[in-house]
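Below is one structure, written out as C-alpha coordinates; comments come after it.
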Amino acid sequence: MESYFQEVYADKEDQFYEKCLFVCDSDDRPVATCFAWKAYDAITTIQWWKVLRQYEGQGIGRALLSIVMQSLSDEDYPVFLHTQPSSYRAIKLYTDFGFQLLSDPVIGTRTNDLEECLPILREYMTPQAYQSLQITEAPVFFLQAASSSPIVQF
(Lines give C-alpha, C1' and ligand atoms only; values in the text may rest on other atoms or scores of the structure.)
Protein backbone atom coordinates (compact mmCIF):
# COMPACT_ATOMS: atom_id res chain seq x y z
CA MET A 1 0.00 0.00 0.00
CA GLU A 2 2.86 2.38 0.78
CA SER A 3 4.51 1.84 -2.60
CA TYR A 4 1.16 2.42 -4.35
CA PHE A 5 0.74 5.66 -2.42
CA GLN A 6 4.25 6.74 -3.40
CA GLU A 7 3.71 5.90 -7.08
CA VAL A 8 0.25 7.44 -7.47
CA TYR A 9 -0.33 10.11 -4.82
CA ALA A 10 2.97 11.21 -3.25
CA ASP A 11 3.64 14.09 -5.63
CA LYS A 12 0.13 15.41 -4.83
CA GLU A 13 0.01 14.41 -1.17
CA ASP A 14 -1.77 17.56 0.01
CA GLN A 15 -4.49 17.05 -2.60
CA PHE A 16 -4.80 13.39 -1.58
CA TYR A 17 -5.44 14.29 2.07
CA GLU A 18 -7.80 17.09 1.09
CA LYS A 19 -9.94 14.80 -1.09
CA CYS A 20 -9.96 11.59 0.95
CA LEU A 21 -13.23 11.32 2.91
CA PHE A 22 -13.72 9.07 5.91
CA VAL A 23 -16.76 7.90 7.80
CA CYS A 24 -15.93 7.19 11.44
CA ASP A 25 -17.77 5.29 14.13
CA SER A 26 -18.76 6.77 17.49
CA ASP A 27 -15.20 6.16 18.75
CA ASP A 28 -13.77 8.15 15.82
CA ARG A 29 -12.37 5.03 14.11
CA PRO A 30 -12.55 4.99 10.31
CA VAL A 31 -15.11 2.52 8.95
CA ALA A 32 -15.34 3.73 5.33
CA THR A 33 -13.41 5.84 2.86
CA CYS A 34 -13.78 7.13 -0.70
CA PHE A 35 -12.73 9.98 -2.98
CA ALA A 36 -12.64 11.07 -6.60
CA TRP A 37 -9.23 11.42 -8.25
CA LYS A 38 -7.94 12.44 -11.68
CA ALA A 39 -6.00 9.30 -12.57
CA TYR A 40 -3.27 9.86 -15.13
CA ASP A 41 -4.20 13.55 -14.77
CA ALA A 42 -6.91 12.78 -17.31
CA ILE A 43 -9.83 10.67 -16.10
CA THR A 44 -11.99 10.94 -13.01
CA THR A 45 -11.88 7.78 -10.95
CA ILE A 46 -13.34 6.60 -7.67
CA GLN A 47 -10.49 5.67 -5.38
CA TRP A 48 -10.15 3.89 -2.04
CA TRP A 49 -13.86 3.20 -1.84
CA LYS A 50 -14.10 0.74 1.01
CA VAL A 51 -16.51 -0.03 3.83
CA LEU A 52 -15.36 -2.37 6.56
CA ARG A 53 -17.22 -5.66 6.24
CA GLN A 54 -18.97 -5.38 9.61
CA TYR A 55 -20.45 -2.03 8.49
CA GLU A 56 -21.65 -3.18 5.05
CA GLY A 57 -25.36 -3.17 4.34
CA GLN A 58 -26.08 -0.14 6.52
CA GLY A 59 -26.14 2.46 3.73
CA ILE A 60 -22.75 3.92 4.65
CA GLY A 61 -21.17 3.15 1.29
CA ARG A 62 -24.16 4.49 -0.63
CA ALA A 63 -24.10 7.72 1.38
CA LEU A 64 -20.34 8.15 0.99
CA LEU A 65 -20.40 7.49 -2.74
CA SER A 66 -23.35 9.91 -3.05
CA ILE A 67 -21.35 12.66 -1.37
CA VAL A 68 -18.35 12.06 -3.62
CA MET A 69 -20.44 11.95 -6.79
CA GLN A 70 -22.35 15.12 -5.81
CA SER A 71 -19.04 16.95 -5.38
CA LEU A 72 -18.16 16.42 -9.05
CA SER A 73 -18.75 18.96 -11.79
CA ASP A 74 -20.03 18.22 -15.29
CA GLU A 75 -16.43 18.39 -16.55
CA ASP A 76 -15.47 15.48 -14.27
CA TYR A 77 -17.70 13.03 -16.15
CA PRO A 78 -17.55 10.25 -17.13
CA VAL A 79 -16.33 8.63 -13.91
CA PHE A 80 -14.52 5.29 -13.77
CA LEU A 81 -13.73 2.78 -11.05
CA HIS A 82 -12.11 -0.62 -10.68
CA THR A 83 -13.59 -3.51 -8.73
CA GLN A 84 -13.47 -7.27 -8.25
CA PRO A 85 -16.17 -9.87 -9.00
CA SER A 86 -16.24 -10.80 -5.31
CA SER A 87 -17.52 -7.27 -4.65
CA TYR A 88 -20.93 -8.17 -6.05
CA ARG A 89 -22.80 -6.04 -3.49
CA ALA A 90 -20.67 -3.06 -4.48
CA ILE A 91 -21.24 -3.85 -8.16
CA LYS A 92 -24.98 -3.70 -7.49
CA LEU A 93 -24.47 -0.30 -5.87
CA TYR A 94 -22.36 0.92 -8.79
CA THR A 95 -25.12 -0.17 -11.17
CA ASP A 96 -27.62 1.81 -9.09
CA PHE A 97 -25.40 4.86 -9.67
CA GLY A 98 -25.32 4.25 -13.44
CA PHE A 99 -21.87 2.69 -13.77
CA GLN A 100 -21.40 0.18 -16.60
CA LEU A 101 -19.06 -2.78 -16.91
CA LEU A 102 -16.36 -2.42 -19.56
CA SER A 103 -15.97 -5.25 -22.06
CA ASP A 104 -12.54 -4.42 -23.48
CA PRO A 105 -10.17 -7.39 -23.10
CA VAL A 106 -7.26 -5.21 -21.94
CA ILE A 107 -7.37 -1.93 -20.04
CA GLY A 108 -4.01 -0.28 -19.58
CA THR A 109 -1.62 -2.99 -18.43
CA ARG A 110 -4.32 -5.29 -16.99
CA THR A 111 -6.45 -7.91 -18.60
CA ASN A 112 -10.17 -7.45 -18.13
CA ASP A 113 -11.62 -10.76 -17.04
CA LEU A 114 -15.24 -9.71 -17.42
CA GLU A 115 -16.31 -12.81 -19.36
CA GLU A 116 -14.85 -15.09 -16.68
CA CYS A 117 -16.43 -12.99 -13.91
CA LEU A 118 -19.98 -12.79 -15.22
CA PRO A 119 -20.84 -16.35 -14.06
CA ILE A 120 -19.60 -15.44 -10.57
CA LEU A 121 -21.82 -12.36 -10.54
CA ARG A 122 -24.78 -14.38 -11.83
CA GLU A 123 -24.32 -16.87 -8.99
CA TYR A 124 -24.12 -14.33 -6.17
CA MET A 125 -26.30 -11.44 -7.32
CA THR A 126 -30.07 -11.51 -7.25
CA PRO A 127 -31.54 -12.15 -10.71
CA GLN A 128 -32.91 -8.60 -10.79
CA ALA A 129 -29.52 -7.08 -9.88
CA TYR A 130 -27.70 -9.24 -12.41
CA GLN A 131 -30.17 -8.32 -15.17
CA SER A 132 -29.62 -4.63 -14.46
CA LEU A 133 -25.89 -4.86 -15.28
CA GLN A 134 -24.95 -2.87 -18.36
CA ILE A 135 -21.90 -3.71 -20.45
CA THR A 136 -20.18 -1.32 -22.85
CA GLU A 137 -16.84 -0.73 -24.54
CA ALA A 138 -14.52 1.79 -22.97
CA PRO A 139 -14.13 5.17 -24.68
CA VAL A 140 -10.87 5.57 -26.60
CA PHE A 141 -9.68 8.46 -24.39
CA PHE A 142 -10.02 6.22 -21.33
CA LEU A 143 -8.01 3.37 -22.88
CA GLN A 144 -5.35 5.85 -23.98
CA ALA A 145 -5.10 7.33 -20.47
CA ALA A 146 -4.89 3.88 -18.86
CA SER A 147 -2.13 2.91 -21.31
CA SER A 148 -0.16 6.13 -20.77
CA SER A 149 1.72 4.88 -17.72
CA PRO A 150 3.13 1.57 -16.50
CA ILE A 151 1.71 2.46 -13.08
CA VAL A 152 -1.89 1.37 -12.62
CA GLN A 153 -3.58 4.38 -11.04
CA PHE A 154 -6.97 2.93 -10.17
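Numbering starts fresh at 1 for the residues of each chain in the C-alpha coordinates, the chains themselves are lettered A, B, ... in the order given, and ligands are numbered from 1 as they appear.
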
List the neighbours of range 26-33 of chain A out to 12 Å using only C-alpha atoms; skip same-chain residues closer than 6 positions along the sequence, and give me the result as number ranges by chain.
A: 17, 19-20, 46-56, 58-65, 67-68

Expected answer as JSON, numbers by chain: strand (DSSP E or B) residues in chain A:
{"A": [21, 22, 23, 24, 30, 31, 32, 33, 34, 35, 36, 37, 38, 39, 43, 44, 45, 46, 47, 48, 49, 50, 51, 79, 80, 101, 102, 106, 107, 110, 111, 135, 136]}

Identify, on the basis of only C-alpha atoms, every residue whose closest approach to Pro150 in chain A does not exceed 10 Å; exclude the query and any residue fewer than 3 positions from it along the same chain; express the result as JSON, numbers by chain.
{"A": [108, 109, 146, 147, 153]}

Report the residues of range 47-84 of chain A whose backbone DSSP state falls under alpha helix (DSSP H), written as a list of chain:residue names.
A:Ile60, A:Gly61, A:Arg62, A:Ala63, A:Leu64, A:Leu65, A:Ser66, A:Ile67, A:Val68, A:Met69, A:Gln70

Written file, previous selection with all heavy atoms, as a PDB file, in the first residue's frame:
ATOM      1  N   ILE A  60     -23.909   3.039   4.512  1.00  0.00           N
ATOM      2  CA  ILE A  60     -22.746   3.924   4.650  1.00  0.00           C
ATOM      3  C   ILE A  60     -22.062   4.139   3.303  1.00  0.00           C
ATOM      4  O   ILE A  60     -21.739   5.266   2.921  1.00  0.00           O
ATOM      5  CB  ILE A  60     -21.761   3.375   5.695  1.00  0.00           C
ATOM      6  CG1 ILE A  60     -22.418   3.351   7.073  1.00  0.00           C
ATOM      7  CG2 ILE A  60     -20.463   4.172   5.708  1.00  0.00           C
ATOM      8  CD1 ILE A  60     -21.638   2.587   8.127  1.00  0.00           C
ATOM      9  N   GLY A  61     -21.832   3.043   2.584  1.00  0.00           N
ATOM     10  CA  GLY A  61     -21.168   3.147   1.288  1.00  0.00           C
ATOM     11  C   GLY A  61     -21.975   3.955   0.295  1.00  0.00           C
ATOM     12  O   GLY A  61     -21.436   4.782  -0.436  1.00  0.00           O
ATOM     13  N   ARG A  62     -23.279   3.740   0.277  1.00  0.00           N
ATOM     14  CA  ARG A  62     -24.158   4.492  -0.626  1.00  0.00           C
ATOM     15  C   ARG A  62     -24.106   5.983  -0.299  1.00  0.00           C
ATOM     16  O   ARG A  62     -24.004   6.829  -1.186  1.00  0.00           O
ATOM     17  CB  ARG A  62     -25.590   3.966  -0.522  1.00  0.00           C
ATOM     18  CG  ARG A  62     -26.560   4.650  -1.463  1.00  0.00           C
ATOM     19  CD  ARG A  62     -27.934   4.012  -1.413  1.00  0.00           C
ATOM     20  NE  ARG A  62     -27.923   2.627  -1.833  1.00  0.00           N
ATOM     21  CZ  ARG A  62     -28.037   2.220  -3.102  1.00  0.00           C
ATOM     22  NH1 ARG A  62     -28.183   3.101  -4.059  1.00  0.00           N
ATOM     23  NH2 ARG A  62     -28.020   0.947  -3.400  1.00  0.00           N
ATOM     24  N   ALA A  63     -24.149   6.309   0.978  1.00  0.00           N
ATOM     25  CA  ALA A  63     -24.102   7.719   1.384  1.00  0.00           C
ATOM     26  C   ALA A  63     -22.751   8.339   1.024  1.00  0.00           C
ATOM     27  O   ALA A  63     -22.694   9.460   0.495  1.00  0.00           O
ATOM     28  CB  ALA A  63     -24.357   7.839   2.886  1.00  0.00           C
ATOM     29  N   LEU A  64     -21.674   7.628   1.282  1.00  0.00           N
ATOM     30  CA  LEU A  64     -20.340   8.148   0.994  1.00  0.00           C
ATOM     31  C   LEU A  64     -20.144   8.346  -0.506  1.00  0.00           C
ATOM     32  O   LEU A  64     -19.665   9.397  -0.946  1.00  0.00           O
ATOM     33  CB  LEU A  64     -19.286   7.193   1.570  1.00  0.00           C
ATOM     34  CG  LEU A  64     -17.838   7.625   1.524  1.00  0.00           C
ATOM     35  CD1 LEU A  64     -17.635   8.975   2.184  1.00  0.00           C
ATOM     36  CD2 LEU A  64     -16.966   6.574   2.200  1.00  0.00           C
ATOM     37  N   LEU A  65     -20.529   7.347  -1.300  1.00  0.00           N
ATOM     38  CA  LEU A  65     -20.405   7.489  -2.744  1.00  0.00           C
ATOM     39  C   LEU A  65     -21.290   8.620  -3.255  1.00  0.00           C
ATOM     40  O   LEU A  65     -20.912   9.357  -4.165  1.00  0.00           O
ATOM     41  CB  LEU A  65     -20.734   6.166  -3.442  1.00  0.00           C
ATOM     42  CG  LEU A  65     -20.438   6.098  -4.934  1.00  0.00           C
ATOM     43  CD1 LEU A  65     -18.992   6.435  -5.251  1.00  0.00           C
ATOM     44  CD2 LEU A  65     -20.809   4.720  -5.480  1.00  0.00           C
ATOM     45  N   SER A  66     -22.463   8.794  -2.669  1.00  0.00           N
ATOM     46  CA  SER A  66     -23.345   9.905  -3.052  1.00  0.00           C
ATOM     47  C   SER A  66     -22.667  11.246  -2.825  1.00  0.00           C
ATOM     48  O   SER A  66     -22.719  12.138  -3.680  1.00  0.00           O
ATOM     49  CB  SER A  66     -24.651   9.858  -2.257  1.00  0.00           C
ATOM     50  OG  SER A  66     -25.417   8.737  -2.591  1.00  0.00           O
ATOM     51  N   ILE A  67     -22.034  11.404  -1.684  1.00  0.00           N
ATOM     52  CA  ILE A  67     -21.347  12.661  -1.365  1.00  0.00           C
ATOM     53  C   ILE A  67     -20.233  12.922  -2.370  1.00  0.00           C
ATOM     54  O   ILE A  67     -20.080  14.038  -2.888  1.00  0.00           O
ATOM     55  CB  ILE A  67     -20.795  12.640   0.077  1.00  0.00           C
ATOM     56  CG1 ILE A  67     -21.954  12.688   1.070  1.00  0.00           C
ATOM     57  CG2 ILE A  67     -19.812  13.776   0.315  1.00  0.00           C
ATOM     58  CD1 ILE A  67     -21.558  12.393   2.494  1.00  0.00           C
ATOM     59  N   VAL A  68     -19.456  11.900  -2.671  1.00  0.00           N
ATOM     60  CA  VAL A  68     -18.347  12.059  -3.619  1.00  0.00           C
ATOM     61  C   VAL A  68     -18.885  12.403  -5.008  1.00  0.00           C
ATOM     62  O   VAL A  68     -18.395  13.335  -5.657  1.00  0.00           O
ATOM     63  CB  VAL A  68     -17.471  10.792  -3.650  1.00  0.00           C
ATOM     64  CG1 VAL A  68     -16.478  10.843  -4.804  1.00  0.00           C
ATOM     65  CG2 VAL A  68     -16.733  10.626  -2.331  1.00  0.00           C
ATOM     66  N   MET A  69     -19.899  11.696  -5.454  1.00  0.00           N
ATOM     67  CA  MET A  69     -20.444  11.950  -6.791  1.00  0.00           C
ATOM     68  C   MET A  69     -21.083  13.339  -6.883  1.00  0.00           C
ATOM     69  O   MET A  69     -20.963  14.016  -7.902  1.00  0.00           O
ATOM     70  CB  MET A  69     -21.454  10.867  -7.167  1.00  0.00           C
ATOM     71  CG  MET A  69     -20.856   9.466  -7.281  1.00  0.00           C
ATOM     72  SD  MET A  69     -19.599   9.289  -8.547  1.00  0.00           S
ATOM     73  CE  MET A  69     -20.615   9.348 -10.007  1.00  0.00           C
ATOM     74  N   GLN A  70     -21.731  13.794  -5.810  1.00  0.00           N
ATOM     75  CA  GLN A  70     -22.350  15.122  -5.812  1.00  0.00           C
ATOM     76  C   GLN A  70     -21.309  16.242  -5.829  1.00  0.00           C
ATOM     77  O   GLN A  70     -21.607  17.357  -6.245  1.00  0.00           O
ATOM     78  CB  GLN A  70     -23.268  15.281  -4.605  1.00  0.00           C
ATOM     79  CG  GLN A  70     -24.533  14.468  -4.721  1.00  0.00           C
ATOM     80  CD  GLN A  70     -25.355  14.474  -3.443  1.00  0.00           C
ATOM     81  OE1 GLN A  70     -24.996  15.082  -2.447  1.00  0.00           O
ATOM     82  NE2 GLN A  70     -26.476  13.781  -3.481  1.00  0.00           N
TER      83      GLN A  70
END

So which one's closest to Met125 in chain A, A:Thr95, A:Ser149, A:Gln144, A:Thr83? Using only C-alpha atoms, please.
A:Thr95

Interatomic distance (Å, one decimal) between CA of Leu118 in chain A and CA of Phe97 in chain A:
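Going from CA of Leu118 in chain A over to CA of Phe97 in chain A, I get 19.3 Å.
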